[in-house]
Amino acid sequence: MVRLLADNASEWTGPTGNNTYLLAGHPAVLIDAGVGRRSHLDGIASAAGGGDLGLVLITHGHVDHVAGVPALREQWPGVVVRGGGAGEPLIDGELFDTGGARLRAVHTPGHAPDHFCFFDESSRDLYCGDMARIGGTVVIPASRGGDLREYLASLHRIRDLRPVRLLPAHGPVVEDPAALIDSYLEHRALRTRQVKAALDAGLRTPAEIVTRLYPGLPQSLVPAAEDTITAHLEMLEE
């Protein structure tokens, strides 16, 4: 497996941008598509040793994961794309033999309704997309189908797989998945208590709650915070 950066660093995607992962084989398999940058395409070609790219597995349909599909199809016309709204939908439990690994598709909605992880059944590595990352939490975009209750259930599901590593779409490899997932669950429980306390104090809108819970948050990130607070409010309402 080779980690390839999509060359799209930003405030949203982090200082290294998106990770994609190439699994060697004949043909090779790529997890997530990047955004179509020439440097990324050249990296894929080099890592594949000049061979064909046969399959692209998309963790979910957010733009930083799927925008590179047209460029991949232009360079490798025979490539098959699955998931993310860019190809045939993935099926929970579906198996993919990549030559060097056997991947199982695991439906993990919450961050996005169509979010999937890919579990290597031999190495027990989990390609976890936007389920978790080191150095921050994950936005639950209620306005785009994000659902906090589903996200928490998905965290429990991937924890129960007992992966030895998480290979996320952003940031470094996670060497202690259980500890990170537990910290995510604790954080969301704390945030839910804080939202409930804000409601009890008379705050009524996501914007008011964000001002209270995220003092000093850069203005560019406020909409994402409001979206996640909305997801907390929807879970409390349910």
# chains A, B, ... in the order shown; residues from 1 in each chain; ligands from 1
>>> residues_around(residues="Trp76 of chain A", least_positions_apart="5", cutoff="8 Å", atoms="only C-alpha atoms", output="list of chain:residue names")
A:Asp52, A:Leu53, A:Gly54
>>> write_last_selection(atoms="C-alpha atoms", output="tab-separated table (two decimals), in the first residue's frame")
chain	number	residue	atom	x	y	z
A	52	ASP	CA	-3.20	0.00	-15.25
A	53	LEU	CA	-5.45	1.47	-12.60
A	54	GLY	CA	-8.38	-0.92	-12.55
>>> residues_around(residues="Ala153 of chain A", least_positions_apart="4", cutoff="9 Å", atoms="only C-alpha atoms", output="ChimeraX atom specification")
/A:108-110,148-149,157-158
>>> select_by_dssp(residues="segment 10-163 of chain A", states="helix (DSSP H, G or I)", output="ChimeraX atom specification")
/A:38-47,63-66,69-75,142-144,148-160
>>> residues_around(residues="His65 of chain A", least_positions_apart="3", cutoff="9 Å", atoms="only C-alpha atoms", output="ChimeraX atom specification")
/A:18,20,32-35,58-62,68-69,84,129,169
>>> residues_around(residues="segment 211-222 of chain A", least_positions_apart="5", cutoff="9 Å", atoms="only C-alpha atoms", output="ChimeraX atom specification")
/A:11-12,191,194-195,198,206,227
>>> write_last_selection(atoms="N, CA and C atoms", output="mmCIF file, in the first residue's frame")
data_model
loop_
_atom_site.group_PDB
_atom_site.id
_atom_site.type_symbol
_atom_site.label_atom_id
_atom_site.label_comp_id
_atom_site.auth_asym_id
_atom_site.auth_seq_id
_atom_site.Cartn_x
_atom_site.Cartn_y
_atom_site.Cartn_z
ATOM 1 N N GLU A 11 -7.515 25.020 4.604
ATOM 2 C CA GLU A 11 -8.028 25.107 5.962
ATOM 3 C C GLU A 11 -9.010 23.983 6.249
ATOM 4 N N TRP A 12 -9.699 23.531 5.211
ATOM 5 C CA TRP A 12 -10.695 22.468 5.375
ATOM 6 C C TRP A 12 -10.066 21.088 5.339
ATOM 7 N N ARG A 191 -20.010 17.176 24.107
ATOM 8 C CA ARG A 191 -20.607 18.246 23.314
ATOM 9 C C ARG A 191 -22.134 18.210 23.414
ATOM 10 N N GLN A 194 -23.066 19.819 26.573
ATOM 11 C CA GLN A 194 -22.898 21.271 26.474
ATOM 12 C C GLN A 194 -24.040 21.917 25.686
ATOM 13 N N VAL A 195 -24.474 21.262 24.634
ATOM 14 C CA VAL A 195 -25.602 21.792 23.859
ATOM 15 C C VAL A 195 -26.864 21.802 24.714
ATOM 16 N N ALA A 198 -26.705 24.642 27.043
ATOM 17 C CA ALA A 198 -26.959 25.905 26.346
ATOM 18 C C ALA A 198 -28.455 26.118 26.138
ATOM 19 N N PRO A 206 -28.570 27.523 16.463
ATOM 20 C CA PRO A 206 -27.204 27.023 16.316
ATOM 21 C C PRO A 206 -26.154 28.122 16.389
ATOM 22 N N ASP A 227 -23.442 23.696 11.477
ATOM 23 C CA ASP A 227 -24.011 22.482 10.900
ATOM 24 C C ASP A 227 -23.905 21.311 11.873
#
>>> select_by_dssp(residues="segment 15-192 of chain A", states="strand (DSSP E)", output="ChimeraX atom specification")
/A:19-23,28-31,53-57,80-82,95-97,102-107,116-120,125-129,165-168
>>> atom_distance(atom1="atom CA of Asp92 of chain A", atom2="atom CA of Arg104 of chain A")
8.1 Å
>>> atom_distance(atom1="atom CA of Ala101 of chain A", atom2="atom CA of Ser122 of chain A")
6.8 Å
>>> closest_residue(among="A:Leu199, A:Met131, A:Ala67, A:Glu186", to="Val174 of chain A", atoms="only C-alpha atoms")
A:Met131
>>> closest_residue(among="A:Gln75, A:Ser143, A:Ser123, A:Ser10", to="Leu41 of chain A", atoms="only C-alpha atoms")
A:Gln75
>>> residues_around(residues="Pro168 of chain A", least_positions_apart="2", cutoff="9 Å", atoms="only C-alpha atoms", output="list in words")
Asn18, Asn19, Thr20, Leu126, Tyr127, Cys128, Gly129, Asp130, Met131, Ala132, Arg133, Ile134, Leu166, His170, Gly171, Pro172, Val173 and Val174 of chain A
>>> write_last_selection(atoms="C-alpha atoms", output="mmCIF file, in the first residue's frame")
data_model
loop_
_atom_site.group_PDB
_atom_site.id
_atom_site.type_symbol
_atom_site.label_atom_id
_atom_site.label_comp_id
_atom_site.auth_asym_id
_atom_site.auth_seq_id
_atom_site.Cartn_x
_atom_site.Cartn_y
_atom_site.Cartn_z
ATOM 1 C CA ASN A 18 -6.402 14.450 1.259
ATOM 2 C CA ASN A 19 -4.782 11.060 1.525
ATOM 3 C CA THR A 20 -5.461 8.483 -1.169
ATOM 4 C CA LEU A 126 -9.220 0.034 8.031
ATOM 5 C CA TYR A 127 -9.311 2.709 5.341
ATOM 6 C CA CYS A 128 -11.640 4.964 7.280
ATOM 7 C CA GLY A 129 -12.269 7.977 5.047
ATOM 8 C CA ASP A 130 -13.653 10.826 7.138
ATOM 9 C CA MET A 131 -14.705 8.747 10.144
ATOM 10 C CA ALA A 132 -11.771 9.875 12.299
ATOM 11 C CA ARG A 133 -8.430 11.642 12.168
ATOM 12 C CA ILE A 134 -5.643 12.691 14.493
ATOM 13 C CA LEU A 166 -6.871 3.426 10.764
ATOM 14 C CA HIS A 170 -6.739 13.340 6.307
ATOM 15 C CA GLY A 171 -3.655 13.309 8.509
ATOM 16 C CA PRO A 172 -1.325 10.546 9.684
ATOM 17 C CA VAL A 173 -2.020 6.858 10.166
ATOM 18 C CA VAL A 174 -3.752 6.078 13.475
#
>>> atom_distance(atom1="atom CA of Leu22 of chain A", atom2="atom CA of Val2 of chain A")
5.1 Å
>>> closest_residue(among="A:Leu161, A:Ala197, A:Leu233, A:Leu190", to="Asp125 of chain A", atoms="only C-alpha atoms")
A:Leu161
